[in-house]
Structure formats: structure tokens, C-alpha cells
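Here's model_17.txt, which has compact mmCIF, C-alpha atoms and all ligand atoms:
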```txt
# COMPACT_ATOMS: atom_id res chain seq x y z
CA MET A 1 -86.53 -39.44 82.17
CA THR A 2 -84.47 -42.37 80.93
CA ILE A 3 -81.01 -42.22 79.34
CA LEU A 4 -79.43 -45.09 77.44
CA ILE A 5 -75.66 -44.95 76.91
CA THR A 6 -74.72 -47.24 74.03
CA ASN A 7 -71.61 -48.65 72.32
CA ILE A 8 -69.41 -48.04 75.38
CA LYS A 9 -65.94 -49.25 74.48
CA GLU A 10 -65.35 -50.35 78.09
CA LEU A 11 -67.53 -49.93 81.17
CA LEU A 12 -65.36 -49.80 84.33
CA GLN A 13 -65.96 -50.79 87.93
CA ILE A 14 -69.03 -52.97 87.42
CA ARG A 15 -70.05 -54.71 90.62
CA ASN A 16 -73.07 -56.98 90.89
CA GLU A 17 -72.73 -57.92 94.55
CA PRO A 18 -72.93 -55.37 97.36
CA LEU A 19 -69.38 -54.36 98.25
CA SER A 20 -68.12 -52.11 101.05
CA TYR A 21 -64.59 -51.58 99.77
CA VAL A 22 -61.69 -53.44 98.21
CA ALA A 23 -58.46 -54.19 100.09
CA GLY A 24 -55.04 -55.71 99.47
CA LYS A 25 -54.74 -57.86 96.35
CA ALA A 26 -58.40 -57.30 95.45
CA MET A 27 -57.53 -53.67 94.71
CA LYS A 28 -55.67 -54.85 91.60
CA LYS A 29 -58.93 -56.11 90.11
CA LEU A 30 -61.13 -53.67 88.26
CA PRO A 31 -64.08 -55.54 86.77
CA THR A 32 -65.05 -54.22 83.34
CA LEU A 33 -67.33 -54.99 80.43
CA LYS A 34 -66.41 -54.26 76.82
CA ASN A 35 -68.93 -53.10 74.19
CA ALA A 36 -71.46 -52.22 76.86
CA TYR A 37 -74.58 -50.19 77.52
CA VAL A 38 -75.91 -48.49 80.66
CA LEU A 39 -79.55 -47.56 81.27
CA ILE A 40 -80.40 -44.74 83.68
CA ASP A 41 -83.89 -44.04 85.01
CA ASN A 42 -83.99 -40.57 86.62
CA ASP A 43 -81.26 -40.67 89.30
CA THR A 44 -80.62 -44.42 89.25
CA ILE A 45 -78.62 -46.97 87.25
CA VAL A 46 -81.27 -49.55 86.37
CA ASP A 47 -79.48 -51.79 83.93
CA PHE A 48 -76.19 -52.43 82.15
CA GLY A 49 -74.82 -55.20 80.00
CA ASN A 50 -73.31 -56.15 76.67
CA MET A 51 -74.54 -54.33 73.55
CA SER A 52 -75.72 -57.68 72.19
CA GLU A 53 -78.43 -57.59 74.90
CA ALA A 54 -79.42 -53.96 74.35
CA GLU A 55 -81.78 -54.58 71.47
CA GLY A 56 -85.28 -53.31 72.13
CA ILE A 57 -84.34 -51.12 75.11
CA GLU A 58 -86.01 -47.73 74.69
CA ALA A 59 -85.06 -44.46 76.37
CA ASP A 60 -85.91 -40.75 76.24
CA GLU A 61 -82.33 -39.92 75.36
CA ILE A 62 -79.62 -42.00 73.75
CA ILE A 63 -75.92 -41.19 74.15
CA ASP A 64 -73.63 -42.94 71.70
CA ALA A 65 -70.34 -43.60 73.52
CA GLU A 66 -68.50 -45.15 70.57
CA GLY A 67 -64.77 -45.36 71.40
CA LYS A 68 -65.36 -43.93 74.89
CA LEU A 69 -65.08 -45.41 78.37
CA VAL A 70 -67.64 -45.02 81.14
CA LEU A 71 -66.79 -45.19 84.83
CA PRO A 72 -68.35 -44.16 88.14
CA ALA A 73 -67.91 -40.48 89.00
CA TRP A 74 -65.09 -39.84 91.47
CA CYS A 75 -65.81 -40.01 95.21
CA ASP A 76 -63.64 -37.34 96.87
CA SER A 77 -63.72 -38.18 100.58
CA HIS A 78 -61.54 -35.35 101.96
CA THR A 79 -61.88 -31.68 101.02
CA HIS A 80 -61.91 -28.20 102.51
CA ILE A 81 -63.57 -26.78 99.37
CA VAL A 82 -65.54 -24.15 101.34
CA TYR A 83 -63.02 -21.37 102.04
CA ALA A 84 -62.58 -17.65 101.53
CA GLY A 85 -59.89 -15.99 99.44
CA ASN A 86 -56.68 -17.77 98.60
CA ARG A 87 -53.08 -18.09 99.83
CA GLU A 88 -50.98 -17.68 96.70
CA GLN A 89 -48.56 -15.33 98.52
CA GLU A 90 -47.68 -18.16 100.94
CA PHE A 91 -47.11 -20.36 97.90
CA VAL A 92 -44.51 -17.90 96.64
CA ASP A 93 -43.02 -17.61 100.15
CA ARG A 94 -42.52 -21.37 100.21
CA ILE A 95 -40.85 -21.29 96.80
CA THR A 96 -38.41 -18.73 98.13
CA GLY A 97 -37.51 -20.72 101.24
CA LEU A 98 -40.10 -20.80 104.03
CA SER A 99 -41.66 -24.11 105.08
CA TYR A 100 -45.39 -24.78 105.65
CA GLU A 101 -44.57 -24.89 109.38
CA ASP A 102 -42.59 -21.59 109.24
CA ILE A 103 -45.59 -19.91 107.64
CA ALA A 104 -47.98 -21.29 110.27
CA LYS A 105 -45.63 -20.12 113.07
CA ARG A 106 -45.67 -16.54 111.81
CA GLY A 107 -49.50 -16.54 111.94
CA GLY A 108 -50.16 -17.52 108.32
CA GLY A 109 -51.51 -20.83 107.10
CA ILE A 110 -54.84 -21.97 108.54
CA LEU A 111 -55.08 -18.74 110.61
CA ASN A 112 -54.68 -16.67 107.46
CA SER A 113 -57.66 -18.51 105.92
CA ALA A 114 -59.62 -18.13 109.20
CA GLU A 115 -59.04 -14.38 109.15
CA GLN A 116 -60.30 -14.13 105.56
CA LEU A 117 -63.28 -16.38 106.24
CA ARG A 118 -64.43 -14.46 109.31
CA GLN A 119 -64.56 -11.29 107.20
CA THR A 120 -66.58 -12.95 104.45
CA SER A 121 -70.38 -13.05 104.55
CA GLU A 122 -72.21 -16.35 104.34
CA ASP A 123 -73.52 -15.48 100.88
CA ASP A 124 -70.12 -14.47 99.58
CA LEU A 125 -68.58 -17.63 101.02
CA TYR A 126 -71.29 -19.67 99.32
CA HIS A 127 -70.62 -18.05 95.93
CA GLN A 128 -66.84 -18.40 96.18
CA SER A 129 -67.26 -22.09 97.08
CA VAL A 130 -69.88 -22.78 94.41
CA LYS A 131 -67.39 -21.77 91.71
CA ARG A 132 -65.13 -24.59 92.86
CA ILE A 133 -68.03 -27.04 93.25
CA LYS A 134 -69.00 -26.46 89.61
CA GLU A 135 -65.37 -26.93 88.57
CA VAL A 136 -64.98 -30.28 90.35
CA MET A 137 -68.28 -31.59 88.98
CA HIS A 138 -66.98 -30.93 85.47
CA LEU A 139 -63.81 -32.78 86.47
CA GLY A 140 -65.93 -35.84 87.28
CA THR A 141 -66.52 -35.60 91.03
CA GLY A 142 -69.99 -36.87 91.91
CA ALA A 143 -69.70 -37.14 95.70
CA ILE A 144 -67.66 -35.02 98.07
CA GLU A 145 -66.88 -34.65 101.75
CA ILE A 146 -66.50 -31.03 102.90
CA LYS A 147 -64.97 -29.89 106.18
CA SER A 148 -65.42 -26.77 108.24
CA GLY A 149 -62.30 -25.62 110.11
CA TYR A 150 -61.51 -22.15 108.79
CA GLY A 151 -63.95 -20.44 111.15
CA LEU A 152 -62.43 -21.35 114.51
CA ASP A 153 -65.15 -19.52 116.42
CA THR A 154 -68.72 -20.68 116.92
CA ASP A 155 -70.42 -18.31 114.47
CA SER A 156 -67.87 -18.78 111.72
CA GLU A 157 -67.80 -22.58 112.03
CA LEU A 158 -71.61 -22.62 111.84
CA LYS A 159 -71.42 -20.27 108.84
CA MET A 160 -69.19 -22.75 107.03
CA LEU A 161 -71.41 -25.70 107.89
CA ARG A 162 -74.52 -23.86 106.68
CA VAL A 163 -72.78 -23.12 103.38
CA ILE A 164 -71.94 -26.83 103.08
CA LYS A 165 -75.60 -27.66 103.73
CA ARG A 166 -76.73 -25.17 101.06
CA ILE A 167 -74.38 -26.73 98.52
CA ASN A 168 -75.85 -30.13 99.30
CA VAL A 169 -79.36 -28.81 98.61
CA ASP A 170 -78.51 -26.79 95.49
CA PHE A 171 -76.29 -29.22 93.55
CA PRO A 172 -76.76 -32.77 92.32
CA LEU A 173 -73.49 -34.04 93.77
CA LYS A 174 -73.65 -35.90 97.08
CA VAL A 175 -72.20 -33.87 99.97
CA ARG A 176 -71.09 -35.19 103.37
CA PRO A 177 -70.36 -32.51 106.02
CA THR A 178 -67.56 -32.73 108.59
CA PHE A 179 -66.96 -30.47 111.59
CA LEU A 180 -63.27 -29.58 111.92
CA GLY A 181 -63.37 -26.93 114.65
CA ALA A 182 -60.11 -28.44 115.96
CA HIS A 183 -58.12 -27.47 112.85
CA ALA A 184 -55.86 -24.94 114.62
CA LEU A 185 -55.86 -22.77 117.72
CA PRO A 186 -57.41 -19.39 116.84
CA LEU A 187 -55.39 -16.29 117.81
CA GLU A 188 -57.68 -15.38 120.69
CA TYR A 189 -56.96 -18.78 122.30
CA LYS A 190 -53.26 -18.77 121.39
CA SER A 191 -52.18 -19.55 124.94
CA ASN A 192 -55.38 -21.19 126.11
CA LYS A 193 -55.78 -24.49 124.29
CA VAL A 194 -57.92 -25.91 127.09
CA GLY A 195 -60.28 -22.96 126.70
CA TYR A 196 -60.65 -23.54 122.97
CA ILE A 197 -61.28 -27.27 123.40
CA ASP A 198 -63.92 -26.43 126.03
CA LEU A 199 -65.52 -24.00 123.56
CA ILE A 200 -65.74 -26.77 120.96
CA VAL A 201 -67.12 -29.28 123.44
CA ASP A 202 -69.49 -27.04 125.39
CA GLU A 203 -70.72 -24.65 122.70
CA MET A 204 -69.96 -25.69 119.13
CA LEU A 205 -70.84 -29.39 119.31
CA PRO A 206 -74.28 -28.89 120.93
CA LYS A 207 -75.18 -26.19 118.37
CA ILE A 208 -74.04 -28.34 115.45
CA LYS A 209 -76.05 -31.22 116.82
CA ALA A 210 -79.14 -29.02 117.30
CA GLU A 211 -79.03 -27.85 113.66
CA ASN A 212 -77.87 -31.27 112.42
CA LEU A 213 -75.04 -29.61 110.49
CA ALA A 214 -72.38 -32.32 110.49
CA ARG A 215 -72.10 -36.06 110.22
CA TYR A 216 -68.38 -36.40 110.95
CA ILE A 217 -65.89 -34.93 113.42
CA ASP A 218 -62.33 -34.21 112.35
CA VAL A 219 -59.27 -33.12 114.36
CA PHE A 220 -55.85 -32.04 113.07
CA CYS A 221 -53.83 -34.40 115.27
CA GLU A 222 -50.30 -33.03 114.80
CA LYS A 223 -47.41 -31.43 116.67
CA GLY A 224 -48.25 -27.78 117.31
CA TYR A 225 -51.96 -28.38 116.74
CA PHE A 226 -53.88 -30.99 118.76
CA ASP A 227 -52.05 -33.80 120.56
CA LEU A 228 -53.30 -37.30 121.37
CA LYS A 229 -54.90 -36.26 124.65
CA ASP A 230 -56.75 -33.35 123.01
CA THR A 231 -57.85 -35.55 120.13
CA ASP A 232 -59.09 -38.26 122.49
CA LYS A 233 -61.13 -35.71 124.44
CA LEU A 234 -62.61 -34.14 121.29
CA LEU A 235 -63.50 -37.46 119.67
CA THR A 236 -65.09 -38.73 122.88
CA ALA A 237 -67.25 -35.61 123.16
CA ALA A 238 -68.19 -35.61 119.47
CA ARG A 239 -69.12 -39.28 119.49
CA SER A 240 -71.48 -38.62 122.40
CA HIS A 241 -73.29 -36.25 119.99
CA GLY A 242 -73.43 -38.98 117.36
CA LEU A 243 -70.60 -37.68 115.14
CA ILE A 244 -68.30 -40.27 113.55
CA PRO A 245 -64.53 -39.54 113.50
CA LYS A 246 -62.56 -38.95 110.28
CA ILE A 247 -59.23 -37.49 111.31
CA HIS A 248 -56.08 -35.76 110.01
CA VAL A 249 -53.13 -37.84 111.26
CA ASN A 250 -49.45 -38.46 110.43
CA GLN A 251 -49.06 -35.55 108.00
CA PHE A 252 -45.70 -34.47 109.44
CA ASN A 253 -45.22 -36.57 112.58
CA ILE A 254 -46.26 -39.95 113.95
CA LEU A 255 -47.97 -39.35 117.29
CA GLY A 256 -50.06 -42.53 117.57
CA GLY A 257 -53.14 -40.89 116.07
CA VAL A 258 -53.84 -43.84 113.78
CA ALA A 259 -54.32 -46.22 116.72
CA LEU A 260 -56.36 -43.58 118.51
CA GLY A 261 -58.58 -43.20 115.44
CA VAL A 262 -59.08 -46.95 115.25
CA LYS A 263 -59.91 -47.01 118.98
CA HIS A 264 -62.62 -44.42 118.29
CA LYS A 265 -63.91 -46.42 115.30
CA ALA A 266 -62.90 -43.66 112.88
CA LEU A 267 -64.40 -44.15 109.44
CA SER A 268 -61.10 -42.93 107.98
CA VAL A 269 -57.63 -41.76 108.95
CA ASP A 270 -56.29 -39.29 106.41
CA HIS A 271 -52.86 -38.06 105.23
CA LEU A 272 -50.44 -40.78 106.50
CA GLU A 273 -47.45 -39.29 104.70
CA GLU A 274 -45.54 -40.64 107.71
CA LEU A 275 -46.46 -44.21 108.63
CA ASP A 276 -44.81 -46.92 110.73
CA ASP A 277 -45.47 -50.61 111.40
CA ASN A 278 -47.50 -49.83 114.52
CA ASP A 279 -49.87 -47.78 112.39
CA ILE A 280 -50.23 -50.63 109.90
CA ASP A 281 -50.89 -53.08 112.74
CA ALA A 282 -53.50 -50.76 114.23
CA LEU A 283 -55.34 -50.63 110.89
CA LYS A 284 -55.44 -54.40 110.46
CA ASN A 285 -58.71 -55.90 111.72
CA SER A 286 -60.28 -52.45 111.85
CA SER A 287 -63.03 -50.94 109.72
CA THR A 288 -61.07 -47.68 109.35
CA MET A 289 -60.16 -46.62 105.80
CA PRO A 290 -56.67 -45.14 105.29
CA VAL A 291 -56.88 -42.15 102.93
CA ALA A 292 -53.95 -40.77 100.91
CA LEU A 293 -53.86 -37.17 99.67
CA PRO A 294 -51.15 -37.01 96.99
CA GLY A 295 -52.13 -33.46 95.96
CA CYS A 296 -50.86 -32.27 99.34
CA SER A 297 -47.58 -34.22 98.99
CA TYR A 298 -47.11 -32.78 95.50
CA PHE A 299 -47.87 -29.21 96.50
CA LEU A 300 -45.93 -29.13 99.79
CA GLY A 301 -43.09 -31.35 98.59
CA ILE A 302 -43.53 -33.75 101.52
CA PRO A 303 -43.38 -37.57 101.27
CA TYR A 304 -46.16 -39.46 99.52
CA THR A 305 -48.25 -41.84 101.61
CA PRO A 306 -46.63 -45.29 101.29
CA ALA A 307 -49.43 -46.88 99.30
CA ARG A 308 -47.50 -50.07 98.53
CA LYS A 309 -46.78 -50.68 102.20
CA ILE A 310 -50.48 -50.21 103.01
CA ILE A 311 -51.95 -52.28 100.17
CA ASP A 312 -49.31 -55.01 100.36
CA ALA A 313 -50.21 -55.43 104.05
CA GLY A 314 -53.69 -56.41 102.85
CA LEU A 315 -55.27 -53.08 103.76
CA PRO A 316 -57.57 -50.89 101.66
CA LEU A 317 -56.66 -47.37 100.56
CA ALA A 318 -58.75 -44.44 99.35
CA LEU A 319 -57.55 -41.39 97.41
CA ALA A 320 -58.86 -37.86 97.87
CA THR A 321 -57.87 -34.33 96.83
CA ASP A 322 -57.68 -32.50 100.20
CA PHE A 323 -58.80 -29.46 98.12
CA ASN A 324 -57.84 -26.46 100.33
CA PRO A 325 -56.10 -23.10 99.92
CA GLY A 326 -52.94 -24.00 101.86
CA SER A 327 -51.72 -27.49 101.07
CA SER A 328 -53.63 -28.62 97.97
CA PRO A 329 -55.39 -25.91 95.96
CA SER A 330 -56.82 -28.35 93.43
CA GLY A 331 -59.90 -30.53 93.44
CA ASN A 332 -58.93 -32.47 90.34
CA MET A 333 -59.41 -36.18 91.11
CA ASN A 334 -58.03 -37.08 87.66
CA PHE A 335 -54.70 -35.61 88.70
CA ILE A 336 -54.89 -37.43 92.05
CA VAL A 337 -55.36 -40.77 90.26
CA SER A 338 -52.37 -39.99 88.01
CA ALA A 339 -50.17 -38.89 90.90
CA ALA A 340 -51.06 -42.09 92.81
CA CYS A 341 -49.88 -44.19 89.85
CA ILE A 342 -46.81 -42.11 89.05
CA LYS A 343 -45.55 -41.24 92.54
CA MET A 344 -47.06 -43.90 94.80
CA LYS A 345 -46.70 -46.87 92.42
CA MET A 346 -50.37 -47.77 92.51
CA THR A 347 -51.61 -49.61 89.44
CA PRO A 348 -54.38 -47.89 87.46
CA GLU A 349 -56.80 -50.53 88.78
CA GLU A 350 -55.80 -49.81 92.38
CA ALA A 351 -56.02 -46.06 91.89
CA ILE A 352 -59.46 -46.22 90.26
CA ASN A 353 -60.74 -48.49 93.05
CA ALA A 354 -59.26 -46.08 95.61
CA ALA A 355 -60.96 -43.07 93.98
CA THR A 356 -64.38 -44.68 93.57
CA ILE A 357 -65.64 -47.48 95.83
CA ASN A 358 -63.06 -46.92 98.60
CA GLY A 359 -63.67 -43.17 98.54
CA ALA A 360 -67.39 -43.86 98.82
CA TYR A 361 -66.74 -46.05 101.88
CA ALA A 362 -64.68 -43.25 103.45
CA MET A 363 -67.83 -41.08 103.23
CA GLY A 364 -70.23 -43.81 104.38
CA ILE A 365 -72.07 -43.81 101.03
CA GLU A 366 -70.78 -47.04 99.48
CA LYS A 367 -74.28 -48.53 99.32
CA SER A 368 -75.33 -45.93 96.73
CA TYR A 369 -72.12 -44.66 95.12
CA GLY A 370 -68.71 -45.73 93.89
CA SER A 371 -69.50 -48.47 91.36
CA ILE A 372 -71.64 -49.34 88.37
CA THR A 373 -74.27 -51.39 90.14
CA LYS A 374 -77.99 -51.69 89.48
CA GLY A 375 -79.83 -49.53 92.00
CA LYS A 376 -76.90 -47.19 92.66
CA ARG A 377 -77.03 -43.50 91.83
CA ALA A 378 -76.44 -42.50 88.22
CA ASN A 379 -73.07 -40.78 88.76
CA LEU A 380 -70.97 -41.42 85.66
CA ILE A 381 -67.99 -40.12 83.76
CA ILE A 382 -67.98 -40.56 79.98
CA THR A 383 -64.44 -40.16 78.65
CA LYS A 384 -63.32 -38.84 75.29
CA PRO A 385 -62.28 -41.59 72.86
CA ILE A 386 -59.14 -43.04 74.51
CA PRO A 387 -57.20 -46.27 73.89
CA SER A 388 -57.64 -47.86 77.35
CA TYR A 389 -58.22 -47.01 81.00
CA ASN A 390 -54.45 -47.03 81.57
CA TYR A 391 -54.41 -43.93 79.39
CA LEU A 392 -56.33 -41.95 82.06
CA PRO A 393 -53.45 -41.77 84.59
CA TYR A 394 -50.77 -42.11 81.90
CA ALA A 395 -51.56 -38.97 79.91
CA PHE A 396 -51.51 -36.87 83.08
CA GLY A 397 -52.68 -33.29 83.23
CA ASN A 398 -54.85 -33.62 80.14
CA ASN A 399 -58.61 -33.57 80.26
CA HIS A 400 -59.95 -36.94 79.14
CA ILE A 401 -63.54 -36.24 80.16
CA ASP A 402 -66.20 -35.83 77.48
CA SER A 403 -69.16 -35.46 79.83
CA VAL A 404 -70.32 -36.11 83.37
CA ILE A 405 -73.69 -37.32 84.65
CA ILE A 406 -74.44 -36.66 88.31
CA ASN A 407 -77.60 -37.96 89.97
CA GLY A 408 -78.95 -38.60 86.48
CA GLU A 409 -78.35 -34.96 85.40
CA ARG A 410 -76.00 -34.10 82.54
CA ILE A 411 -73.52 -31.56 83.87
O1 LIG B 501 -55.35 -31.31 105.13
N1 LIG B 501 -53.41 -30.43 107.58
C1 LIG B 501 -54.36 -29.75 107.91
N2 LIG B 501 -55.29 -29.22 107.13
C2 LIG B 501 -55.19 -29.07 105.71
C3 LIG B 501 -54.42 -27.89 105.30
C4 LIG B 501 -54.98 -26.68 105.85
C5 LIG B 501 -54.40 -25.40 105.31
O2 LIG B 501 -53.18 -25.25 105.15
O3 LIG B 501 -55.23 -24.53 105.08
C6 LIG B 501 -54.65 -30.32 105.08
O4 LIG B 501 -53.54 -30.35 104.53
FE FE B 502 -57.21 -31.86 104.94
```

Kindly return the structure encoded in the file as C-alpha cells.
Amino acid sequence: MTILITNIKELLQIRNEPLSYVAGKAMKKLPTLKNAYVLIDNDTIVDFGNMSEAEGIEADEIIDAEGKLVLPAWCDSHTHIVYAGNREQEFVDRITGLSYEDIAKRGGGILNSAEQLRQTSEDDLYHQSVKRIKEVMHLGTGAIEIKSGYGLDTDSELKMLRVIKRINVDFPLKVRPTFLGAHALPLEYKSNKVGYIDLIVDEMLPKIKAENLARYIDVFCEKGYFDLKDTDKLLTAARSHGLIPKIHVNQFNILGGVALGVKHKALSVDHLEELDDNDIDALKNSSTMPVALPGCSYFLGIPYTPARKIIDAGLPLALATDFNPGSSPSGNMNFIVSAACIKMKMTPEEAINAATINGAYAMGIEKSYGSITKGKRANLIITKPIPSYNYLPYAFGNNHIDSVIINGERI
């Protein structure tokens, strides 16, 4: 099956050379081609160019994109999209005065989601999550990282990871699974952190390895959750099972988790709402991608990750949704790109780079996703007729997507 998209007003993020990610000043450059075509063969982009060169190209299906832009589908490198129930009561409690930390202290927050998830069957969890997966595909997400971390016991963590695996098999979007057993201390280990860490190391990790259920290891490295020593121990153990670190750091406090992540060759360090010069220095000369989650800053009313400080230091930055029931109940990457421009002063070019090629890098899939490149997967967004790509973040909260193609399939 071949699809030819013709008369594209502007084709964004075209890259001819292999590229891992863009950093610093290079993030301001978004290569584009006006009056373009793209040819897809099954799941692969096989050709693109100017309309003047399209004559004679035949295809099973032709899509006329007159007045429309085409760009790579979003690469959302940080989500907790598999969860049970919701936490809208905590949302109201925060409006009326409690903080995210207050709610966690009284046993809500992550533990509330863990309680709900433990009582939900694997099938039910799958169906609840699939609803959201379908939603984000329509919003243009073509590749997604999904974390466990609402099970907090062996069976429930494995249940989450199996649901993630099923989603990967059943849907055309690319899924990368992450084990986040160290998301919070479950109630039954409330005063026995060592015991819970031992459970992760001695029981969960070997089982996950045996079933090959995760590629990445994540830890919530934060005051009141897992400190530097815990994180070091967990990452060391997980790496011995072949898992690569991608960690939650600097959401509320700077503990030194960024440098620890770099030491463990983390693929990404995520959140970074708090960030100091030592963190920036640690990231320089590393291969670790900093990831900002502006949906969480927006929803919790906490600071935004200092994107300018990061990019102006010559570093790369990726953007992701953090889709989860507690701190960012939205998987809309279009909103994330807008929020990055509006609240973090990223240019549209920087934000689009951060949400495509850099997001792909933060999931280890940059060789096949994140740009319009011959040989890469056919993951594309076709916009409605819009004046320019600046219009995408500018006219925030509106749906500018006409259609989405994921793995060569029209969604
Ligand atoms: O990335 N910070 C830790 N984990 C999630 C939120 C988890 C929750 O509140 O359910 C996050 O923000
Ligand atoms: Fe998160």
C-alpha cells in the first residue's frame, strides 16, 4: 500500500542526514520544504521533495494537502498513561487550599492511584488505558513511553507492564516500557523503605527481566520518596539487569539527582522544574537528555523548567506530557508545545524539535522516528489549512489537526 501526500504547503522537520538530537542554537533551526510531497510505502517514508519533482509518481492513495502543513507525529517520551480511575477530587482539594505534598502526606496522590489500580483487573486496566491511547493518537502522538509505578507490589507492577506490552502489540504507535516500581513507598512498607527497595531489587527486577517487560528503569528521586542513596542502589541493580535509567528528578527539590543520573548514563532526566548551575554542568558533555513537562507545571502551579537556561547553555531539551492522573491529566502534545512557547519562552522551532527528534532520542528511537527522513517510519500529522507553523503554538487550545498517519495507517 502506497500513499502519496501532495501539494503540502510546508513540510516540517525534514532531515536528510542521520541525527540523534538537536542542542543549543541548532534547536532554533527547523528545516522545512514548501510546496512538497511525501511518499509512503506501507510503514515507511520512502520519498519526499518539491511538487515540481512529483510528476509521474504513482500511489494507491493520494491525499491532497493543499494549504496544509505536514510534520512528524509527536514523540511523547514521558507518560504514566496506564492507570486506573482518576483523581479529580484531589484536584478540587488543591483548588481549595491543599498542596500536592499535603495530599500525598494524608495518603492520597500516588498511593490513591495504587489503591485503585490494585483493585482493577488487567483487562479493565487495559480498556481504561486504551481509551486514552486512542485519544492521544488522534492528537498526533505516534510514539510514547509508558511507565509502571501505580502497582507498588510485584503482581500489580507486572500487571501494568503487561498492559503496556499489550498496547504495544495492539496499536500502531510505538511504545517504550519503563519500570517505575520506585514511584512511592506503598502503605505496607510505610516504615520499611529498605524492605521495599529489597523487594524491587530481589523480586521485581528479576521477574521483569525474565518476561522482558521493560526497557527502562525510573525512580522518583525526591524528598519524601527516594533519596540519592536509594536511587543509586536501584539504578545500579536495574542496570545489572540491562535496564537503562530515565529518572524523575528536581520536581520540587534539588538533591543532586541530575549528576547521579548522568553518572548512571541515564538516557533522560525528567521534570527539572528546579535546576541549578551544578545540574547544568553535569549535563554538559553527557549523552543524557533533559526533559521538561510543562503540563505538570501548569496543572500543579509549580515553576516551569528553565528552558532558556538549558538551551542557552548549549544543551538539548525534549518536551513530554507526563500524562498521569495526579500531576498532568492530559496527553495533548499540542498543548505542551504551546505551553513551552508561551510559558518557557521556547521558539516554535525549538518546541517542535523538542517534541519530535529530541523526544525520539529520549526514548532511544531516534533512528526510526522524530523527523521526515527517507527510511523512517511513516508517522505524520497533517494539519488543517493554517497560515504557518507558528500558528500551531500560537492559537493554543484549538485543534489544528486534520488527520494523523501512524506506522503508515490512517488513524
Ligand atoms: O511525574 N512525580 C512523580 N510522578 C508523577 C506524578 C504521579 C502522580 O501524582 O500520580 C509525575 O508528576
Ligand atoms: Fe512523571

task: Could you please extract the residues within 12 Å of ligand FE 502 (chain B), counting only C-alpha atoms and all ligand atoms, and hand them back as a PyMOL selection string?
output: chain A and resi 76-82+110+145-150+178-180+182-184+218-221+246-251+269-272+291-297+320-329+331

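Using only C-alpha atoms and all ligand atoms, the nearest neighbour of ligand LIG 501 (chain B) within the list A:Asp230, A:Glu350, A:Glu157, A:Glu273 is A:Glu273.
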
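Between atom CA of A:Leu187 and atom CA of A:Asn86 there is a distance of 19.3 Å.
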
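The shortest atom-to-atom distance to A:Lys174, with only C-alpha atoms taken into account, belongs to A:Asp43 out of A:Glu17, A:Asp43, A:Asp93, A:Glu10.
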
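Non-sequential neighbours of A:Lys28 (distance at most 10 Å, separation of 4 or more positions within a chain, all atoms listed in the file) are A:Val22, A:Ala23, A:Gly24, A:Ile311, A:Met346, A:Thr347, A:Pro348, A:Glu349, A:Glu350, A:Ala351, A:Ile352, A:Asn353.
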
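Here atom CA of A:Gly140 is placed at a distance of 5.9 Å from atom CA of A:Trp74.
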
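Of note, atom CA of A:Arg15 and atom CA of A:Thr356 are spaced 11.9 Å apart.
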
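With all atoms listed in the file as the atoms that count, the minimum distance from A:Gly67 to the choices A:Leu213, A:Ala36, A:Ala362, A:Leu319 is reached by A:Ala36.
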
Enclose all atoms of ligand LIG 501 (chain B) listed in the file in an axis-aligned box, grow every side by 5 Å, and hand back centre and edge lengths in Å to one decimal, as AutoDock Vina command-line options.
```
--center_x -54.3 --center_y -27.9 --center_z 106.2 --size_x 12.2 --size_y 16.8 --size_z 13.4
```

- request: Give me the residues within 10 Å of A:Asp170 as a PyMOL selection string, counting all atoms listed in the file and dropping any in the same chain fewer than 4 places off.
  value: chain A and resi 130+165-166

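Ranking A:Leu300, A:Leu152, A:Ile40, A:Ile8 by their shortest atom-to-atom distance to ligand LIG 501 (chain B), with all atoms listed in the file included, puts A:Leu300 first.
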
Assuming the input is short of atoms at stretch 346-357 of chain A, produce N, CA, C and O atoms for that part as a short mmCIF file (atom, residue, chain, number, x, y, z; two decimals), keeping the file's coordinate frame.
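Full text of out-v3.cif as output:
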```
data_model
loop_
_atom_site.label_atom_id
_atom_site.label_comp_id
_atom_site.auth_asym_id
_atom_site.auth_seq_id
_atom_site.Cartn_x
_atom_site.Cartn_y
_atom_site.Cartn_z
N MET A 346 -49.11 -47.02 92.54
CA MET A 346 -50.37 -47.77 92.51
C MET A 346 -50.65 -48.11 91.06
O MET A 346 -50.34 -47.32 90.16
N THR A 347 -51.24 -49.29 90.82
CA THR A 347 -51.61 -49.61 89.44
C THR A 347 -52.87 -48.79 89.11
O THR A 347 -53.60 -48.35 90.01
N PRO A 348 -53.14 -48.61 87.81
CA PRO A 348 -54.38 -47.89 87.46
C PRO A 348 -55.63 -48.53 88.09
O PRO A 348 -56.53 -47.82 88.53
N GLU A 349 -55.64 -49.86 88.17
CA GLU A 349 -56.80 -50.53 88.78
C GLU A 349 -56.93 -50.14 90.25
O GLU A 349 -58.02 -49.84 90.75
N GLU A 350 -55.78 -50.17 90.96
CA GLU A 350 -55.80 -49.81 92.38
C GLU A 350 -56.24 -48.36 92.57
O GLU A 350 -57.02 -48.04 93.48
N ALA A 351 -55.71 -47.49 91.73
CA ALA A 351 -56.02 -46.06 91.89
C ALA A 351 -57.50 -45.79 91.60
O ALA A 351 -58.14 -45.00 92.30
N ILE A 352 -58.04 -46.45 90.58
CA ILE A 352 -59.46 -46.22 90.26
C ILE A 352 -60.35 -46.79 91.37
O ILE A 352 -61.32 -46.16 91.79
N ASN A 353 -59.99 -47.97 91.90
CA ASN A 353 -60.74 -48.49 93.05
C ASN A 353 -60.66 -47.52 94.23
O ASN A 353 -61.65 -47.28 94.93
N ALA A 354 -59.47 -46.98 94.46
CA ALA A 354 -59.26 -46.08 95.61
C ALA A 354 -60.06 -44.79 95.48
O ALA A 354 -60.46 -44.19 96.48
N ALA A 355 -60.29 -44.35 94.23
CA ALA A 355 -60.96 -43.07 93.98
C ALA A 355 -62.46 -43.21 93.75
O ALA A 355 -63.15 -42.22 93.54
N THR A 356 -62.94 -44.47 93.78
CA THR A 356 -64.38 -44.68 93.57
C THR A 356 -64.99 -45.41 94.78
O THR A 356 -65.38 -44.76 95.74
N ILE A 357 -64.93 -46.74 94.76
CA ILE A 357 -65.64 -47.48 95.83
C ILE A 357 -65.02 -47.21 97.21
O ILE A 357 -65.74 -47.05 98.20
#
```
